[in-house]
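> Hey, dropping upload-v9.csv in here, CSV, C-alpha atoms:
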chain,number,residue,atom,x,y,z
A,1,MET,CA,2.7,81.0,118.3
A,2,GLU,CA,3.8,83.8,115.9
A,3,GLY,CA,6.6,81.9,114.2
A,4,THR,CA,7.2,81.2,110.5
A,5,ALA,CA,4.7,78.3,110.4
A,6,PHE,CA,2.0,80.4,112.0
A,7,TRP,CA,2.4,83.4,109.6
A,8,SER,CA,2.7,81.2,106.6
A,9,LEU,CA,-0.6,79.4,107.4
A,10,ALA,CA,-2.2,82.6,108.5
A,11,VAL,CA,-1.5,84.3,105.2
A,12,VAL,CA,-3.0,81.2,103.3
A,13,ALA,CA,-6.0,81.3,105.6
A,14,ALA,CA,-6.5,85.1,105.0
A,15,ALA,CA,-6.2,84.6,101.2
A,16,LEU,CA,-8.9,81.8,101.4
A,17,VAL,CA,-11.1,84.2,103.2
A,18,GLY,CA,-10.5,87.0,100.6
A,19,MET,CA,-11.2,84.6,97.7
A,20,SER,CA,-14.5,83.6,99.3
A,21,LYS,CA,-15.5,87.2,99.6
A,22,GLY,CA,-14.6,87.6,95.9
A,23,GLY,CA,-17.4,85.2,95.1
A,24,LEU,CA,-15.9,81.7,95.4
A,25,PRO,CA,-18.2,80.3,98.0
A,26,VAL,CA,-17.2,77.6,100.5
A,27,VAL,CA,-13.5,78.3,100.0
A,28,GLY,CA,-13.5,80.6,103.1
A,29,MET,CA,-14.6,77.6,105.2
A,30,LEU,CA,-11.2,76.1,104.7
A,31,ALA,CA,-9.5,79.0,106.4
A,32,VAL,CA,-10.2,78.0,110.0
A,33,PRO,CA,-9.1,74.4,109.5
A,34,VAL,CA,-5.9,75.6,107.9
A,35,LEU,CA,-5.1,78.0,110.8
A,36,ALA,CA,-6.2,75.4,113.3
A,37,LEU,CA,-3.0,73.4,112.3
A,38,VAL,CA,-1.0,75.9,114.5
A,39,MET,CA,-3.6,77.1,117.1
A,40,HIS,CA,-6.8,76.1,118.8
A,41,PRO,CA,-9.8,76.1,116.3
A,42,VAL,CA,-11.9,78.5,118.5
A,43,ALA,CA,-9.0,80.9,118.8
A,44,ALA,CA,-8.5,80.6,115.0
A,45,ALA,CA,-12.2,81.5,114.4
A,46,GLY,CA,-12.0,84.5,116.6
A,47,LEU,CA,-8.7,85.7,115.0
A,48,LEU,CA,-10.1,85.4,111.5
A,49,LEU,CA,-13.4,87.1,112.1
A,50,PRO,CA,-12.1,90.7,111.6
A,51,VAL,CA,-10.4,89.5,108.4
A,52,TYR,CA,-13.8,88.2,107.2
A,53,VAL,CA,-15.4,91.6,108.1
A,54,VAL,CA,-12.8,93.7,106.3
A,55,SER,CA,-12.8,91.4,103.2
A,56,ASP,CA,-16.6,91.7,103.2
A,57,MET,CA,-16.3,95.4,102.5
A,58,PHE,CA,-14.3,94.8,99.3
A,59,GLY,CA,-16.7,92.0,98.3
A,60,LEU,CA,-19.7,94.3,98.9
A,61,TYR,CA,-18.2,96.9,96.5
A,62,ALA,CA,-17.4,94.3,93.8
A,63,TYR,CA,-21.0,92.9,93.9
A,64,ARG,CA,-22.9,96.1,94.7
A,65,HIS,CA,-25.2,95.6,91.7
A,66,ALA,CA,-25.4,91.7,91.7
A,67,PHE,CA,-27.6,90.1,94.4
A,68,ASP,CA,-31.0,88.7,94.9
A,69,ARG,CA,-33.1,91.0,97.1
A,70,ARG,CA,-35.8,88.4,97.8
A,71,VAL,CA,-33.3,85.8,98.9
A,72,LEU,CA,-31.6,88.3,101.2
A,73,ALA,CA,-35.0,89.5,102.6
A,74,ILE,CA,-35.8,85.9,103.6
A,75,LEU,CA,-32.4,84.8,104.8
A,76,ALA,CA,-31.0,87.8,106.7
A,77,PRO,CA,-33.7,87.9,109.5
A,78,ALA,CA,-33.5,84.2,109.8
A,79,ALA,CA,-29.7,84.3,110.0
A,80,THR,CA,-30.0,86.9,112.7
A,81,LEU,CA,-32.1,84.5,114.8
A,82,GLY,CA,-29.5,81.8,114.2
A,83,VAL,CA,-26.6,84.0,115.4
A,84,ALA,CA,-28.6,84.9,118.5
A,85,LEU,CA,-29.3,81.2,119.2
A,86,GLY,CA,-25.6,80.4,118.7
A,87,TRP,CA,-24.7,83.1,121.2
A,88,ALA,CA,-27.3,81.9,123.7
A,89,THR,CA,-26.3,78.3,123.5
A,90,ALA,CA,-22.5,78.7,123.0
A,91,ALA,CA,-21.8,77.2,126.5
A,92,PHE,CA,-24.2,74.2,126.1
A,93,VAL,CA,-24.1,72.9,122.5
A,94,PRO,CA,-21.1,70.7,121.7
A,95,GLU,CA,-19.2,72.1,118.7
A,96,ARG,CA,-18.5,68.6,117.4
A,97,LEU,CA,-22.2,67.9,117.2
A,98,VAL,CA,-22.9,71.0,115.2
A,99,THR,CA,-19.8,70.3,113.0
A,100,GLY,CA,-20.9,66.7,112.3
A,101,LEU,CA,-24.5,67.8,111.5
A,102,ILE,CA,-23.5,70.4,109.0
A,103,GLY,CA,-21.0,68.1,107.4
A,104,LEU,CA,-23.7,65.4,107.0
A,105,ILE,CA,-26.2,67.9,105.5
A,106,GLY,CA,-23.6,69.4,103.1
A,107,ALA,CA,-22.2,66.1,102.0
A,108,SER,CA,-25.7,64.5,101.4
A,109,PHE,CA,-26.8,67.5,99.3
A,110,ALA,CA,-23.6,67.7,97.3
A,111,LEU,CA,-23.7,63.9,96.5
A,112,ARG,CA,-27.3,64.2,95.5
A,113,LEU,CA,-26.4,66.9,93.0
A,114,LEU,CA,-23.4,65.1,91.7
A,115,LEU,CA,-25.1,61.7,91.3
A,116,ARG,CA,-28.3,63.0,89.8
A,117,ARG,CA,-29.3,61.5,86.5
A,118,GLY,CA,-31.8,62.7,83.9
A,119,PRO,CA,-32.8,66.2,83.0
A,120,GLU,CA,-32.0,69.1,85.3
A,121,ALA,CA,-34.7,70.1,87.7
A,122,PRO,CA,-36.2,73.5,87.0
A,123,ALA,CA,-35.2,76.5,89.1
A,124,LYS,CA,-37.1,76.7,92.4
A,125,ARG,CA,-38.7,79.9,93.8
A,126,ALA,CA,-37.2,81.3,97.0
A,127,GLU,CA,-39.9,80.2,99.5
A,128,VAL,CA,-40.2,81.8,103.0
A,129,GLY,CA,-40.7,78.6,105.0
A,130,PRO,CA,-37.6,76.7,103.9
A,131,GLY,CA,-35.7,80.0,103.9
A,132,ILE,CA,-36.4,80.6,107.6
A,133,PHE,CA,-35.2,77.1,108.4
A,134,TRP,CA,-32.0,77.1,106.3
A,135,GLY,CA,-31.3,80.8,107.1
A,136,THR,CA,-31.5,80.1,110.9
A,137,LEU,CA,-29.2,77.2,110.5
A,138,THR,CA,-26.8,79.3,108.4
A,139,GLY,CA,-26.6,81.9,111.1
A,140,PHE,CA,-26.2,79.4,113.9
A,141,THR,CA,-23.5,77.3,112.3
A,142,SER,CA,-21.7,80.5,111.1
A,143,PHE,CA,-21.6,81.7,114.7
A,144,VAL,CA,-20.4,78.4,116.1
A,145,SER,CA,-17.7,77.5,113.6
A,146,HIS,CA,-17.8,79.9,110.5
A,147,ALA,CA,-19.5,77.0,108.8
A,148,GLY,CA,-22.6,78.7,107.4
A,149,ALA,CA,-22.0,77.9,103.8
A,150,PRO,CA,-23.4,74.3,103.6
A,151,PRO,CA,-26.9,75.2,104.8
A,152,TYR,CA,-26.9,78.3,102.8
A,153,GLN,CA,-26.0,76.4,99.7
A,154,VAL,CA,-28.7,73.8,100.3
A,155,TYR,CA,-31.3,76.6,100.1
A,156,VAL,CA,-29.8,78.7,97.3
A,157,LEU,CA,-28.3,76.3,94.8
A,158,PRO,CA,-31.7,74.9,93.7
A,159,LEU,CA,-32.8,78.5,92.9
A,160,LYS,CA,-30.3,78.4,89.9
A,161,LEU,CA,-29.2,82.0,90.2
A,162,ASP,CA,-26.9,83.5,87.7
A,163,LYS,CA,-23.3,82.9,88.9
A,164,ALA,CA,-22.6,86.6,89.6
A,165,VAL,CA,-25.9,87.0,91.4
A,166,PHE,CA,-25.2,83.8,93.4
A,167,ALA,CA,-21.8,85.1,94.3
A,168,GLY,CA,-23.1,88.6,95.2
A,169,THR,CA,-26.0,87.3,97.3
A,170,SER,CA,-23.5,85.1,99.2
A,171,THR,CA,-21.2,88.0,99.8
A,172,VAL,CA,-23.9,90.4,101.0
A,173,LEU,CA,-25.5,87.8,103.3
A,174,PHE,CA,-22.3,86.7,105.0
A,175,ALA,CA,-21.1,90.3,105.3
A,176,TYR,CA,-24.2,91.0,107.3
A,177,VAL,CA,-23.8,87.8,109.4
A,178,ASN,CA,-20.1,88.5,110.1
A,179,ALA,CA,-20.8,92.0,111.2
A,180,ILE,CA,-23.5,91.0,113.7
A,181,LYS,CA,-21.2,88.3,115.1
A,182,LEU,CA,-18.6,90.8,116.3
A,183,ILE,CA,-20.3,91.8,119.5
A,184,PRO,CA,-21.1,88.3,120.8
A,185,TYR,CA,-17.6,87.1,119.8
A,186,TRP,CA,-16.1,89.9,121.8
A,187,ALA,CA,-18.5,89.2,124.7
A,188,LEU,CA,-17.5,85.6,124.8
A,189,GLY,CA,-13.8,86.4,124.9
A,190,THR,CA,-12.9,84.8,121.5
A,191,LEU,CA,-11.8,88.1,120.1
A,192,THR,CA,-9.0,90.1,121.8
A,193,PHE,CA,-6.9,93.2,121.1
A,194,ARG,CA,-4.0,91.0,120.4
A,195,ASP,CA,-6.1,89.2,117.8
A,196,LEU,CA,-7.0,92.5,116.2
A,197,LYS,CA,-3.3,93.5,115.7
A,198,ILE,CA,-2.5,90.2,114.0
A,199,ALA,CA,-5.7,90.4,111.9
A,200,ALA,CA,-4.7,93.9,110.8
A,201,ALA,CA,-1.6,92.4,109.1
A,202,LEU,CA,-3.6,89.6,107.5
A,203,MET,CA,-6.1,92.1,105.9
A,204,VAL,CA,-3.6,92.9,103.2
A,205,PRO,CA,-3.4,89.4,101.6
A,206,ALA,CA,-7.1,88.9,102.3
A,207,SER,CA,-8.1,92.2,100.5
A,208,LEU,CA,-5.9,91.3,97.4
A,209,ALA,CA,-7.4,87.9,97.3
A,210,VAL,CA,-10.9,89.3,97.0
A,211,PHE,CA,-10.1,90.7,93.6
A,212,LEU,CA,-8.6,87.4,92.6
A,213,GLY,CA,-11.9,85.7,93.5
A,214,VAL,CA,-13.9,88.3,91.6
A,215,TRP,CA,-11.7,87.7,88.5
A,216,LEU,CA,-12.1,83.9,88.7
A,217,VAL,CA,-15.9,84.2,88.9
A,218,ARG,CA,-15.9,86.3,85.8
A,219,VAL,CA,-13.7,84.0,83.7
A,220,LEU,CA,-15.1,80.6,84.8
A,221,PRO,CA,-17.9,79.2,82.6
A,222,GLU,CA,-21.1,79.1,84.5
A,223,LYS,CA,-21.5,75.3,84.4
A,224,LEU,CA,-17.9,74.8,85.6
A,225,PHE,CA,-18.4,77.4,88.3
A,226,PHE,CA,-21.3,75.6,89.9
A,227,GLN,CA,-19.6,72.2,89.5
A,228,LEU,CA,-16.7,73.6,91.4
A,229,VAL,CA,-19.0,75.0,94.1
A,230,THR,CA,-20.7,71.6,94.5
A,231,TRP,CA,-17.3,69.7,94.7
A,232,ALA,CA,-16.0,72.3,97.2
A,233,LEU,CA,-19.1,71.8,99.2
A,234,LEU,CA,-18.6,68.1,99.3
A,235,ALA,CA,-14.9,68.4,100.2
A,236,VAL,CA,-15.5,70.8,103.0
A,237,SER,CA,-18.5,68.8,104.3
A,238,LEU,CA,-16.3,65.6,104.4
A,239,ARG,CA,-13.7,67.6,106.3
A,240,LEU,CA,-16.3,68.7,108.8
A,241,LEU,CA,-17.4,65.1,109.3
A,242,TRP,CA,-13.8,64.1,109.9
A,243,GLU,CA,-13.4,66.8,112.5
A,244,ALA,CA,-16.6,65.7,114.3
A,245,ALA,CA,-15.5,62.1,114.3
A,246,THR,CA,-11.9,62.6,115.4
A,247,GLY,CA,-12.1,65.8,117.3
A,248,SER,CA,-9.3,67.3,115.3
What would you get if you wrote out this structure as structure tokens?


Amino acid sequence: MEGTAFWSLAVVAAALVGMSKGGLPVVGMLAVPVLALVMHPVAAAGLLLPVYVVSDMFGLYAYRHAFDRRVLAILAPAATLGVALGWATAAFVPERLVTGLIGLIGASFALRLLLRRGPEAPAKRAEVGPGIFWGTLTGFTSFVSHAGAPPYQVYVLPLKLDKAVFAGTSTVLFAYVNAIKLIPYWALGTLTFRDLKIAAALMVPASLAVFLGVWLVRVLPEKLFFQLVTWALLAVSLRLLWEAATGS
């Protein structure tokens, strides 16, 4: 497995993880599909989890002053419940079903934003009820396939946060979610000592890519930033639908 093709794709996947932790949301969701080209998707998810966790530390430092406390207070407990549900049902829920559902939700929401006509809708308030639903779904899908970004985006994008606050809130929430996923992943056998040795090597490109992501967030105009987020959400959601339909 650890040949030239593996390491080339692993470095790309690690860089995608790092850029996502630097504030480019959804990009990190491409990491598992990229690495799955040379290994089983479940094994790829387990291998990349430590890379996510270490990259989170750099992202947390970069966005230590830019996040929305109310959004995190609503989503973090709900995401904890979602991770617990993912752990409890890991042996029973078909991964393709979850993948297809999240792809459908993300694609529908992205298309609605892209095809919308008329004046922009005003910013919504972060409500508790919808936050519990989308936060639980975020934790569940993040546990099952590292695909927590689409439900998270469905809840947060309508809030129209400043781009730095949006990026920072994403970074803080998923840092928390990834940390609490470590124990159940280890218990389920999807994270091994061999994985940790490989992940340690991948942490270098991932950590460097965090700062590239932070720089891109700073220089991109706000409107372009959110357009890119929406198009990335659509692209990844279509990829998830394809995975669910073909099993690949």

> Could you please determine the separation between atom CA of A:Phe193 and atom CA of A:Leu48 in Å, to one decimal place?

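Answer for the atom CA of A:Phe193 to atom CA of A:Leu48 separation: 12.8 Å.
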
> Env of stretch 136-152 of chain A: 8 Å cut, atoms = only C-alpha atoms, seq-sep filter 3 positions within chain, self excluded. Answer as a PyMOL selection string.

chain A and resi 25-26+29+32+42+45+75+78-87+90+95+98-99+102-103+105-106+132-133+155-156+177+181+233+237

> Which residue out of A:Thr169, A:Gln227, A:Thr246, A:Ser20 has the minimum interatomic distance to A:Ile74 when only C-alpha atoms are used?

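With only C-alpha atoms as the atom set, the closest residue is A:Thr169.
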
> Near A:Ala66, counting only C-alpha atoms, which residues have an atom at most 7 Å away, once you skip same-chain residues fewer than 4 positions from it, shown as a ChimeraX atom specification?

/A:164-165,168

> Counting all atoms listed in the file, which of A:Ala232, A:Ala199, A:Ala10, A:Val217 gets nearest to A:Gln153?

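The shortest atom-to-atom distance to A:Gln153 comes from A:Ala232.
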
> Out of A:Arg116, A:Lys163, A:Lys197, A:Arg239, which residue has the shortest atom-to-atom distance to A:Glu222 when counting only C-alpha atoms?

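The closest residue to A:Glu222 is A:Lys163.
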
> If you count only C-alpha atoms, which residues fall within 10 Å of A:Val214, apart from same-chain ones fewer than 4 positions away, as a list in words?

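Residues near the query, excluding close chain neighbours: Gly18, Met19, Ser20, Lys21, Gly22, Gly23, Leu24, Gly59, Ala62, Tyr63, Ala164, Ala167, Gly168, Ala209, Val210, Arg218 and Val219 of chain A.
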
> With only C-alpha atoms as the atoms that count, which of A:Leu97, A:Leu240, A:Leu104, A:Leu72 lies nearest to A:Phe166?

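Comparing A:Leu97, A:Leu240, A:Leu104, A:Leu72 against A:Phe166, the winner is A:Leu72.
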
> From the options A:Thr192, A:Ala206, A:Phe92, A:Ala107, which residue's atoms come nearest to A:Asp56, counting all atoms listed in the file?

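Ranking A:Thr192, A:Ala206, A:Phe92, A:Ala107 by distance to A:Asp56, first place goes to A:Ala206.
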
> Set the distance at 9 Å and use all atoms listed in the file: which residues neighbour A:Leu159 once local chain neighbours fewer than 2 positions away are removed? I'd like the list as a list in words.

Pro122, Ala123, Lys124, Arg125, Ala126, Tyr155, Val156, Leu157 and Leu161 of chain A

> For the residues in the current selection, export C-alpha atoms as a PDB file, keeping the file's coordinate frame.


ATOM      1  CA  PRO A 122     -36.200  73.500  87.000  1.00  0.00           C
ATOM      2  CA  ALA A 123     -35.200  76.500  89.100  1.00  0.00           C
ATOM      3  CA  LYS A 124     -37.100  76.700  92.400  1.00  0.00           C
ATOM      4  CA  ARG A 125     -38.700  79.900  93.800  1.00  0.00           C
ATOM      5  CA  ALA A 126     -37.200  81.300  97.000  1.00  0.00           C
ATOM      6  CA  TYR A 155     -31.300  76.600 100.100  1.00  0.00           C
ATOM      7  CA  VAL A 156     -29.800  78.700  97.300  1.00  0.00           C
ATOM      8  CA  LEU A 157     -28.300  76.300  94.800  1.00  0.00           C
ATOM      9  CA  LEU A 161     -29.200  82.000  90.200  1.00  0.00           C
TER      10      LEU A 161
END
